[in-house]
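query-v6.pdb (PDB, C-alpha atoms)
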```pdb
ATOM      1  CA  MET A   1     -16.274  -3.923  19.556
ATOM      2  CA  ARG A   2     -18.760  -1.295  18.463
ATOM      3  CA  ILE A   3     -17.747   1.219  15.774
ATOM      4  CA  VAL A   4     -19.656   4.488  15.288
ATOM      5  CA  SER A   5     -18.956   7.190  12.705
ATOM      6  CA  SER A   6     -20.037  10.205  14.783
ATOM      7  CA  LEU A   7     -20.216  11.287  18.398
ATOM      8  CA  GLU A   8     -23.991  11.512  18.064
ATOM      9  CA  GLN A   9     -24.169   7.824  17.145
ATOM     10  CA  PHE A  10     -22.460   6.952  20.403
ATOM     11  CA  GLY A  11     -25.771   7.725  22.103
ATOM     12  CA  THR A  12     -26.193   9.471  25.420
ATOM     13  CA  THR A  13     -25.998   7.030  28.305
ATOM     14  CA  ASP A  14     -25.637   7.199  32.052
ATOM     15  CA  GLN A  15     -22.781   4.708  31.898
ATOM     16  CA  PRO A  16     -19.480   6.567  32.258
ATOM     17  CA  VAL A  17     -16.928   6.498  29.463
ATOM     18  CA  VAL A  18     -13.143   6.268  29.660
ATOM     19  CA  LEU A  19     -11.816   7.833  26.466
ATOM     20  CA  THR A  20      -8.532   8.280  24.660
ATOM     21  CA  ILE A  21      -7.957  10.324  21.505
ATOM     22  CA  GLY A  22      -5.407   9.944  18.736
ATOM     23  CA  ASN A  23      -4.486   8.735  15.279
ATOM     24  CA  PHE A  24      -2.915   5.515  16.616
ATOM     25  CA  ASP A  25      -1.070   4.662  13.407
ATOM     26  CA  GLY A  26       0.443   1.204  13.816
ATOM     27  CA  ILE A  27      -0.895   0.579  17.349
ATOM     28  CA  HIS A  28       2.705   0.241  18.571
ATOM     29  CA  LEU A  29       3.780  -0.506  22.159
ATOM     30  CA  GLY A  30       3.381   3.139  23.180
ATOM     31  CA  HIS A  31      -0.195   3.144  21.919
ATOM     32  CA  GLN A  32      -0.817  -0.213  23.592
ATOM     33  CA  TYR A  33       0.351   1.257  26.899
ATOM     34  CA  VAL A  34      -2.317   3.983  26.640
ATOM     35  CA  LEU A  35      -5.040   1.565  25.475
ATOM     36  CA  ASN A  36      -4.293  -0.871  28.278
ATOM     37  CA  GLN A  37      -4.691   1.925  30.801
ATOM     38  CA  VAL A  38      -8.024   2.901  29.212
ATOM     39  CA  ARG A  39      -9.254  -0.688  29.436
ATOM     40  CA  LYS A  40      -8.095  -1.171  33.031
ATOM     41  CA  THR A  41      -9.642   2.099  34.197
ATOM     42  CA  ALA A  42     -12.930   1.231  32.505
ATOM     43  CA  GLN A  43     -12.966  -2.196  34.157
ATOM     44  CA  GLN A  44     -12.208  -0.719  37.588
ATOM     45  CA  THR A  45     -14.937   1.928  37.330
ATOM     46  CA  GLY A  46     -17.638   0.013  35.461
ATOM     47  CA  ALA A  47     -17.242   2.309  32.479
ATOM     48  CA  ILE A  48     -17.131   1.911  28.691
ATOM     49  CA  SER A  49     -13.641   1.918  27.163
ATOM     50  CA  ALA A  50     -13.595   4.070  24.033
ATOM     51  CA  VAL A  51     -11.181   5.400  21.443
ATOM     52  CA  LEU A  52     -11.727   8.462  19.274
ATOM     53  CA  THR A  53      -9.660   8.087  16.119
ATOM     54  CA  PHE A  54      -9.814   8.855  12.417
ATOM     55  CA  SER A  55     -10.884   7.056   9.256
ATOM     56  CA  ASN A  56      -8.307   8.947   7.186
ATOM     57  CA  PRO A  57      -4.764  10.020   8.076
ATOM     58  CA  PRO A  58      -4.797  13.608   9.446
ATOM     59  CA  SER A  59      -1.584  14.302   7.529
ATOM     60  CA  THR A  60      -3.479  14.116   4.214
ATOM     61  CA  ILE A  61      -5.447  17.202   5.335
ATOM     62  CA  LEU A  62      -2.805  19.020   7.365
ATOM     63  CA  TYR A  63       0.105  18.379   4.957
ATOM     64  CA  PRO A  64      -1.463  17.453   1.593
ATOM     65  CA  ASP A  65       1.825  17.963  -0.273
ATOM     66  CA  ARG A  66       3.730  15.596   2.034
ATOM     67  CA  PRO A  67       1.354  13.100   3.658
ATOM     68  CA  ILE A  68       2.942  10.689   6.103
ATOM     69  CA  GLN A  69       3.275   7.071   4.980
ATOM     70  CA  GLN A  70       1.011   4.895   7.090
ATOM     71  CA  LEU A  71       2.058   1.965   9.268
ATOM     72  CA  CYS A  72      -1.297   0.230   8.952
ATOM     73  CA  SER A  73      -4.547   0.298   7.010
ATOM     74  CA  LEU A  74      -7.830   1.359   8.583
ATOM     75  CA  GLU A  75      -8.961  -2.287   8.665
ATOM     76  CA  GLN A  76      -5.807  -3.269  10.509
ATOM     77  CA  LYS A  77      -6.171  -0.425  12.991
ATOM     78  CA  MET A  78      -9.731  -1.507  13.778
ATOM     79  CA  THR A  79      -8.621  -5.139  14.149
ATOM     80  CA  LEU A  80      -5.818  -4.199  16.532
ATOM     81  CA  LEU A  81      -8.095  -1.951  18.606
ATOM     82  CA  ASP A  82     -10.547  -4.834  18.891
ATOM     83  CA  GLN A  83      -7.726  -7.133  20.005
ATOM     84  CA  MET A  84      -6.818  -4.558  22.671
ATOM     85  CA  GLY A  85     -10.257  -5.039  24.188
ATOM     86  CA  MET A  86     -11.821  -1.672  23.434
ATOM     87  CA  ASP A  87     -15.602  -1.512  23.823
ATOM     88  CA  CYS A  88     -16.209   1.249  21.279
ATOM     89  CA  VAL A  89     -14.399   3.225  18.583
ATOM     90  CA  VAL A  90     -15.629   6.639  17.491
ATOM     91  CA  LEU A  91     -14.290   6.716  13.933
ATOM     92  CA  LEU A  92     -14.399  10.266  12.571
ATOM     93  CA  GLU A  93     -13.365  11.681   9.220
ATOM     94  CA  PHE A  94     -10.556  14.187   9.700
ATOM     95  CA  THR A  95     -11.511  17.256   7.667
ATOM     96  CA  LYS A  96     -10.270  20.820   7.361
ATOM     97  CA  GLU A  97     -13.329  21.948   9.321
ATOM     98  CA  PHE A  98     -12.570  19.429  12.048
ATOM     99  CA  SER A  99      -8.984  20.681  12.299
ATOM    100  CA  GLU A 100     -10.215  24.261  12.890
ATOM    101  CA  GLN A 101     -11.924  23.443  16.214
ATOM    102  CA  ASN A 102     -10.289  24.894  19.284
ATOM    103  CA  PRO A 103      -9.817  22.577  22.281
ATOM    104  CA  GLN A 104     -12.869  23.943  24.124
ATOM    105  CA  GLU A 105     -15.172  23.363  21.132
ATOM    106  CA  PHE A 106     -13.843  19.874  20.547
ATOM    107  CA  LEU A 107     -14.155  18.765  24.157
ATOM    108  CA  ASP A 108     -17.589  20.367  24.451
ATOM    109  CA  LYS A 109     -18.824  18.287  21.503
ATOM    110  CA  ILE A 110     -17.515  15.131  23.130
ATOM    111  CA  CYS A 111     -19.169  15.894  26.451
ATOM    112  CA  GLN A 112     -22.496  16.694  24.774
ATOM    113  CA  SER A 113     -22.657  13.151  23.389
ATOM    114  CA  ILE A 114     -21.027  10.921  26.001
ATOM    115  CA  SER A 115     -20.794  10.778  29.793
ATOM    116  CA  LEU A 116     -17.047  11.325  29.902
ATOM    117  CA  SER A 117     -15.601  10.323  33.256
ATOM    118  CA  HIS A 118     -11.932   9.831  32.359
ATOM    119  CA  LEU A 119      -9.746  11.168  29.551
ATOM    120  CA  ILE A 120      -6.472   9.270  29.241
ATOM    121  CA  LEU A 121      -3.821  10.604  26.855
ATOM    122  CA  GLY A 122      -0.258   9.926  25.829
ATOM    123  CA  HIS A 123       2.522  12.154  27.130
ATOM    124  CA  ASP A 124       2.799  14.154  23.899
ATOM    125  CA  SER A 125      -0.900  14.341  23.031
ATOM    126  CA  ARG A 126      -2.301  17.678  21.873
ATOM    127  CA  ILE A 127      -5.849  18.393  20.768
ATOM    128  CA  GLY A 128      -7.591  21.154  18.846
ATOM    129  CA  LYS A 129      -6.479  23.651  16.226
ATOM    130  CA  ASP A 130      -2.712  23.975  15.850
ATOM    131  CA  ARG A 131      -2.282  21.564  18.774
ATOM    132  CA  GLN A 132      -3.399  24.294  21.190
ATOM    133  CA  GLY A 133      -4.839  21.832  23.669
ATOM    134  CA  ASP A 134      -1.768  21.051  25.753
ATOM    135  CA  GLU A 135      -1.697  19.267  29.110
ATOM    136  CA  LYS A 136      -2.410  22.453  31.100
ATOM    137  CA  THR A 137      -5.401  23.394  28.923
ATOM    138  CA  VAL A 138      -6.934  19.917  29.003
ATOM    139  CA  ASN A 139      -6.409  19.530  32.755
ATOM    140  CA  GLU A 140      -8.172  22.857  33.339
ATOM    141  CA  TYR A 141     -11.101  21.708  31.201
ATOM    142  CA  GLY A 142     -11.257  18.438  33.104
ATOM    143  CA  SER A 143     -11.273  20.190  36.478
ATOM    144  CA  SER A 144     -14.157  22.453  35.450
ATOM    145  CA  HIS A 145     -16.215  19.572  33.979
ATOM    146  CA  ASP A 146     -15.590  16.879  36.628
ATOM    147  CA  ILE A 147     -13.484  14.757  34.238
ATOM    148  CA  ALA A 148     -10.444  12.886  35.503
ATOM    149  CA  VAL A 149      -7.618  13.689  33.086
ATOM    150  CA  GLU A 150      -4.520  11.512  33.036
ATOM    151  CA  TYR A 151      -1.417  12.045  30.912
ATOM    152  CA  LEU A 152       0.719   8.916  30.875
ATOM    153  CA  ASP A 153       4.500   8.860  31.025
ATOM    154  CA  LYS A 154       6.546   8.015  27.958
ATOM    155  CA  PHE A 155       6.679   4.313  27.150
ATOM    156  CA  LEU A 156      10.330   3.333  26.796
ATOM    157  CA  VAL A 157      12.006   0.440  25.018
ATOM    158  CA  GLU A 158      15.716   0.092  25.789
ATOM    159  CA  GLY A 159      15.634   3.581  27.295
ATOM    160  CA  SER A 160      14.066   5.382  24.308
ATOM    161  CA  PRO A 161      10.436   6.485  23.839
ATOM    162  CA  VAL A 162       8.388   4.551  21.279
ATOM    163  CA  SER A 163       6.769   6.534  18.474
ATOM    164  CA  SER A 164       5.434   6.025  14.965
ATOM    165  CA  SER A 165       8.008   8.511  13.657
ATOM    166  CA  LYS A 166      10.784   6.338  15.077
ATOM    167  CA  ILE A 167       9.353   3.137  13.589
ATOM    168  CA  ARG A 168       8.902   4.407  10.009
ATOM    169  CA  PRO A 169      12.618   4.882   9.195
ATOM    170  CA  LEU A 170      13.426   1.474  10.687
ATOM    171  CA  ILE A 171      10.993  -0.144   8.246
ATOM    172  CA  GLN A 172      12.193   1.967   5.315
ATOM    173  CA  GLU A 173      15.784   0.947   6.045
ATOM    174  CA  GLY A 174      14.846  -2.736   6.283
ATOM    175  CA  ARG A 175      15.544  -2.964  10.013
ATOM    176  CA  LEU A 176      12.441  -5.072  10.539
ATOM    177  CA  GLU A 177      13.576  -6.806  13.734
ATOM    178  CA  GLU A 178      14.179  -3.439  15.400
ATOM    179  CA  ALA A 179      10.792  -2.186  14.184
ATOM    180  CA  ALA A 180       9.136  -5.319  15.585
ATOM    181  CA  LYS A 181      10.536  -4.558  19.057
ATOM    182  CA  LEU A 182       8.695  -1.216  19.029
ATOM    183  CA  LEU A 183       5.525  -2.477  17.367
ATOM    184  CA  GLY A 184       5.207  -5.491  19.630
ATOM    185  CA  ARG A 185       4.771  -7.722  16.581
ATOM    186  CA  GLN A 186       6.301  -8.334  13.151
ATOM    187  CA  TYR A 187       5.562  -5.570  10.658
ATOM    188  CA  SER A 188       2.598  -6.407   8.485
ATOM    189  CA  LEU A 189       0.017  -4.874   6.169
ATOM    190  CA  MET A 190      -3.650  -5.866   6.234
ATOM    191  CA  LEU A 191      -5.214  -5.290   2.823
ATOM    192  CA  HIS A 192      -7.751  -6.474   0.294
ATOM    193  CA  ALA A 193      -6.207  -8.132  -2.757
ATOM    194  CA  ARG A 194      -6.939  -6.568  -6.131
ATOM    195  CA  SER A 195      -7.294  -8.306  -9.464
ATOM    196  CA  GLY A 196      -3.994  -8.662 -11.276
ATOM    197  CA  LYS A 197      -3.202  -9.296 -14.940
ATOM    198  CA  GLY A 198      -2.651 -13.020 -14.442
ATOM    199  CA  LEU A 199       0.990 -12.813 -15.495
ATOM    200  CA  GLY A 200       2.213 -14.780 -12.491
ATOM    201  CA  LYS A 201      -0.041 -17.676 -13.378
ATOM    202  CA  THR A 202       1.472 -17.862 -16.879
ATOM    203  CA  ILE A 203       4.870 -18.739 -15.389
ATOM    204  CA  GLY A 204       3.434 -21.093 -12.775
ATOM    205  CA  TYR A 205       3.358 -18.766  -9.799
ATOM    206  CA  SER A 206      -0.037 -17.171  -9.248
ATOM    207  CA  THR A 207      -0.026 -14.178  -6.921
ATOM    208  CA  LEU A 208      -2.154 -12.089  -4.615
ATOM    209  CA  ASN A 209      -1.727  -8.452  -5.658
ATOM    210  CA  PHE A 210      -1.922  -5.430  -3.361
ATOM    211  CA  ASP A 211      -1.836  -1.654  -3.838
ATOM    212  CA  ILE A 212       0.533  -0.251  -1.235
ATOM    213  CA  HIS A 213       1.619   3.255  -2.253
ATOM    214  CA  HIS A 214       0.024   4.902   0.823
ATOM    215  CA  PHE A 215       1.983   2.753   3.249
ATOM    216  CA  CYS A 216       5.378   2.723   4.889
ATOM    217  CA  LEU A 217       7.406   0.117   3.018
ATOM    218  CA  PRO A 218      10.650  -1.776   3.540
ATOM    219  CA  PRO A 219      13.285  -1.623   0.770
ATOM    220  CA  ILE A 220      12.378  -2.898  -2.683
ATOM    221  CA  GLY A 221      13.117  -6.589  -3.001
ATOM    222  CA  VAL A 222      11.977 -10.156  -2.470
ATOM    223  CA  TYR A 223      10.884 -11.284   1.005
ATOM    224  CA  SER A 224       9.784 -14.384   2.824
ATOM    225  CA  VAL A 225       6.389 -13.573   4.327
ATOM    226  CA  ARG A 226       3.418 -15.172   5.982
ATOM    227  CA  VAL A 227      -0.138 -14.532   4.864
ATOM    228  CA  LYS A 228      -2.971 -14.630   7.357
ATOM    229  CA  MET A 229      -6.516 -15.132   6.100
ATOM    230  CA  GLY A 230      -9.092 -15.427   8.852
ATOM    231  CA  ASP A 231      -7.628 -17.788  11.435
ATOM    232  CA  SER A 232      -5.340 -19.557   8.955
ATOM    233  CA  MET A 233      -1.668 -18.787   8.292
ATOM    234  CA  TYR A 234       0.213 -19.597   5.069
ATOM    235  CA  ASP A 235       3.904 -19.481   4.166
ATOM    236  CA  ALA A 236       4.575 -17.296   1.150
ATOM    237  CA  ILE A 237       7.086 -15.305  -0.853
ATOM    238  CA  ALA A 238       6.591 -11.676  -1.848
ATOM    239  CA  ASN A 239       7.989  -9.340  -4.456
ATOM    240  CA  LEU A 240       7.874  -5.713  -3.397
ATOM    241  CA  GLY A 241       8.724  -3.595  -6.398
ATOM    242  CA  TYR A 242       8.042  -2.664  -9.999
ATOM    243  CA  ALA A 243       8.057  -6.116 -11.690
ATOM    244  CA  PRO A 244      10.554  -4.977 -14.351
ATOM    245  CA  THR A 245      10.740  -8.316 -16.171
ATOM    246  CA  VAL A 246       7.046  -8.566 -17.081
ATOM    247  CA  ARG A 247       6.026  -4.894 -16.857
ATOM    248  CA  HIS A 248       7.225  -1.727 -15.173
ATOM    249  CA  GLU A 249       4.814  -0.196 -12.679
ATOM    250  CA  SER A 250       4.820   3.503 -11.835
ATOM    251  CA  PHE A 251       4.484   2.732  -8.116
ATOM    252  CA  PRO A 252       5.750  -0.229  -6.118
ATOM    253  CA  GLN A 253       3.352  -3.169  -5.975
ATOM    254  CA  LEU A 254       3.201  -6.074  -3.551
ATOM    255  CA  GLU A 255       2.809  -9.471  -5.219
ATOM    256  CA  VAL A 256       2.562 -12.495  -2.948
ATOM    257  CA  HIS A 257       2.823 -16.141  -3.985
ATOM    258  CA  VAL A 258       1.468 -18.542  -1.357
ATOM    259  CA  LEU A 259       3.531 -21.727  -1.168
ATOM    260  CA  ASN A 260       0.609 -23.996  -0.302
ATOM    261  CA  GLU A 261      -2.878 -24.103  -1.736
ATOM    262  CA  MET A 262      -5.284 -21.588  -0.253
ATOM    263  CA  PRO A 263      -9.059 -21.913  -0.076
ATOM    264  CA  LYS A 264     -11.205 -19.635  -2.237
ATOM    265  CA  HIS A 265     -10.695 -16.063  -1.109
ATOM    266  CA  ASP A 266     -13.149 -13.743  -2.877
ATOM    267  CA  ASP A 267     -13.140 -10.287  -1.222
ATOM    268  CA  GLN A 268     -11.069 -11.521   1.711
ATOM    269  CA  LEU A 269      -8.894  -9.372   3.916
ATOM    270  CA  PHE A 270      -5.282 -10.576   4.052
ATOM    271  CA  GLU A 271      -2.533  -9.755   6.488
ATOM    272  CA  VAL A 272       0.911  -9.945   4.867
ATOM    273  CA  ILE A 273       3.516 -10.373   7.598
ATOM    274  CA  PHE A 274       7.073  -9.514   6.545
ATOM    275  CA  HIS A 275       9.551 -12.096   7.797
ATOM    276  CA  GLN A 276      12.947 -11.674   6.140
ATOM    277  CA  TRP A 277      14.631 -10.068   3.129
ATOM    278  CA  ILE A 278      15.849 -12.505   0.439
ATOM    279  CA  ARG A 279      17.316 -10.429  -2.405
ATOM    280  CA  GLU A 280      17.042  -7.262  -4.447
ATOM    281  CA  GLU A 281      14.522  -7.026  -7.259
ATOM    282  CA  LYS A 282      16.091  -7.236 -10.702
ATOM    283  CA  LYS A 283      15.125  -7.486 -14.363
ATOM    284  CA  PHE A 284      15.670 -10.874 -16.004
ATOM    285  CA  GLU A 285      16.478 -11.497 -19.655
ATOM    286  CA  SER A 286      13.645 -13.991 -20.059
ATOM    287  CA  LEU A 287      10.593 -15.394 -18.310
ATOM    288  CA  GLU A 288      12.399 -18.711 -18.009
ATOM    289  CA  ALA A 289      15.230 -17.025 -16.085
ATOM    290  CA  LEU A 290      12.646 -15.364 -13.833
ATOM    291  CA  ARG A 291      10.894 -18.701 -13.259
ATOM    292  CA  LYS A 292      14.192 -20.354 -12.287
ATOM    293  CA  GLN A 293      15.022 -17.555  -9.858
ATOM    294  CA  ILE A 294      11.580 -17.700  -8.214
ATOM    295  CA  SER A 295      12.065 -21.433  -7.657
ATOM    296  CA  GLN A 296      15.357 -20.694  -5.894
ATOM    297  CA  ASP A 297      13.747 -17.876  -3.895
ATOM    298  CA  ILE A 298      11.049 -20.241  -2.683
ATOM    299  CA  GLU A 299      13.635 -22.645  -1.279
ATOM    300  CA  VAL A 300      15.313 -19.769   0.571
ATOM    301  CA  ALA A 301      11.949 -18.585   1.876
ATOM    302  CA  LYS A 302      11.114 -22.061   3.193
ATOM    303  CA  GLN A 303      14.392 -22.148   5.120
ATOM    304  CA  GLN A 304      13.874 -18.649   6.531
ATOM    305  CA  LEU A 305      10.297 -19.352   7.604
ATOM    306  CA  GLN A 306      11.357 -22.550   9.383
ATOM    307  CA  SER A 307      14.055 -20.773  11.380
TER     308      SER A 307
END
```

When written as structure tokens, how does the structure in this file appear?
Amino acid sequence: MRIVSSLEQFGTTDQPVVLTIGNFDGIHLGHQYVLNQVRKTAQQTGAISAVLTFSNPPSTILYPDRPIQQLCSLEQKMTLLDQMGMDCVVLLEFTKEFSEQNPQEFLDKICQSISLSHLILGHDSRIGKDRQGDEKTVNEYGSSHDIAVEYLDKFLVEGSPVSSSKIRPLIQEGRLEEAAKLLGRQYSLMLHARSGKGLGKTIGYSTLNFDIHHFCLPPIGVYSVRVKMGDSMYDAIANLGYAPTVRHESFPQLEVHVLNEMPKHDDQLFEVIFHQWIREEKKFESLEALRKQISQDIEVAKQQLQS
């Protein structure tokens, strides 16, 4: 999959392009429905399948005082788009200036850089300043520029439309199985590990440490998880919280102890896949009490991961 950071980098070509546009946070089943249609249409017409999306969450610009918690990192979004079989991603920075474009200006810029043959959008998609570009506006633009515009029907699971805004509260409430039905996979976060303080190693349980305060999180507590590194999968246990026994963080941290030995992992990208809740986080009176509890948690995690 090719990734370009501007429309100009896409390069003018005679080969037609089937495009979709959106933030695609989480790449849930509704998104997958749109992306599959993009891929199929491109295959049927000999076109390039392309996605225009953003390197930063639009909510950080549009609602800086209340940005929306993200369902996936940028790296995970790119990985999932690649797995969906997209040929190219136009990855733009969402800025205040970008948000001020009216639909005509935005679509004109796209058409100046690519040979747009089809524009495929979700049922609730809006483009341009203040979401002015509704279905009627975009269809009119398509008709006048010889672009086939297609708005897809809602994608339903058990009779209800799938959306990122529906998935977030399920995760926050710990309803991970219900969230997985809408995501099409278990909820996970794909992140780079950061250097920790080595405190886990001092009690015999070294950890991978992740900064997670921009993401949608399940309830604070201890979880059985799986860690994917490259093509390999490892059973693990995770503490999502403030580590009150050894320190007290200002923001929740994700600390993951892999149950089996991992190969060297300098600057690796990890996917932490949440499996099942084990217990609440709590402060222990001593490190020895914490060590004993972790040992018990590991046994529970092994049973959960085998089920």

Name every residue that the PyMOL selection byres ((chain A and resi 168) around 12) selects in this structure, writing the answer as a ChimeraX atom specification with chains first and numbers rising.
/A:25-26,28,68-72,162-167,169-176,178-180,182-183,187,215-219

Practice task
Name the residues captured by the PyMOL selection byres ((chain A and resi 115) around 9) when it is applied to the shown file; answer as a ChimeraX atom specification.
Solution key: /A:12-18,110-114,116-117

Original post:
Taking the file as shown, what set of residues would the PyMOL selection byres ((chain A and resi 57) around 9) give back, as a list in words?
Top reply: Asn23, Asp25, Phe54, Ser55, Asn56, Pro58, Ser59, Thr60, Ile61, Pro67, Ile68, Gln70, Glu93 and Phe94 of chain A

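The gap separating CA of Arg185 in chain A from CA of Ser307 in chain A is 16.8 Å, in Å to one decimal.
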
Polymer residues at most 12 Å from (-6.5, 16.4, 28.7) by only C-alpha atoms, as an NGL selection string:
:A and (19-22 or 103-104 or 106-107 or 116-128 or 131-145 or 147-152)
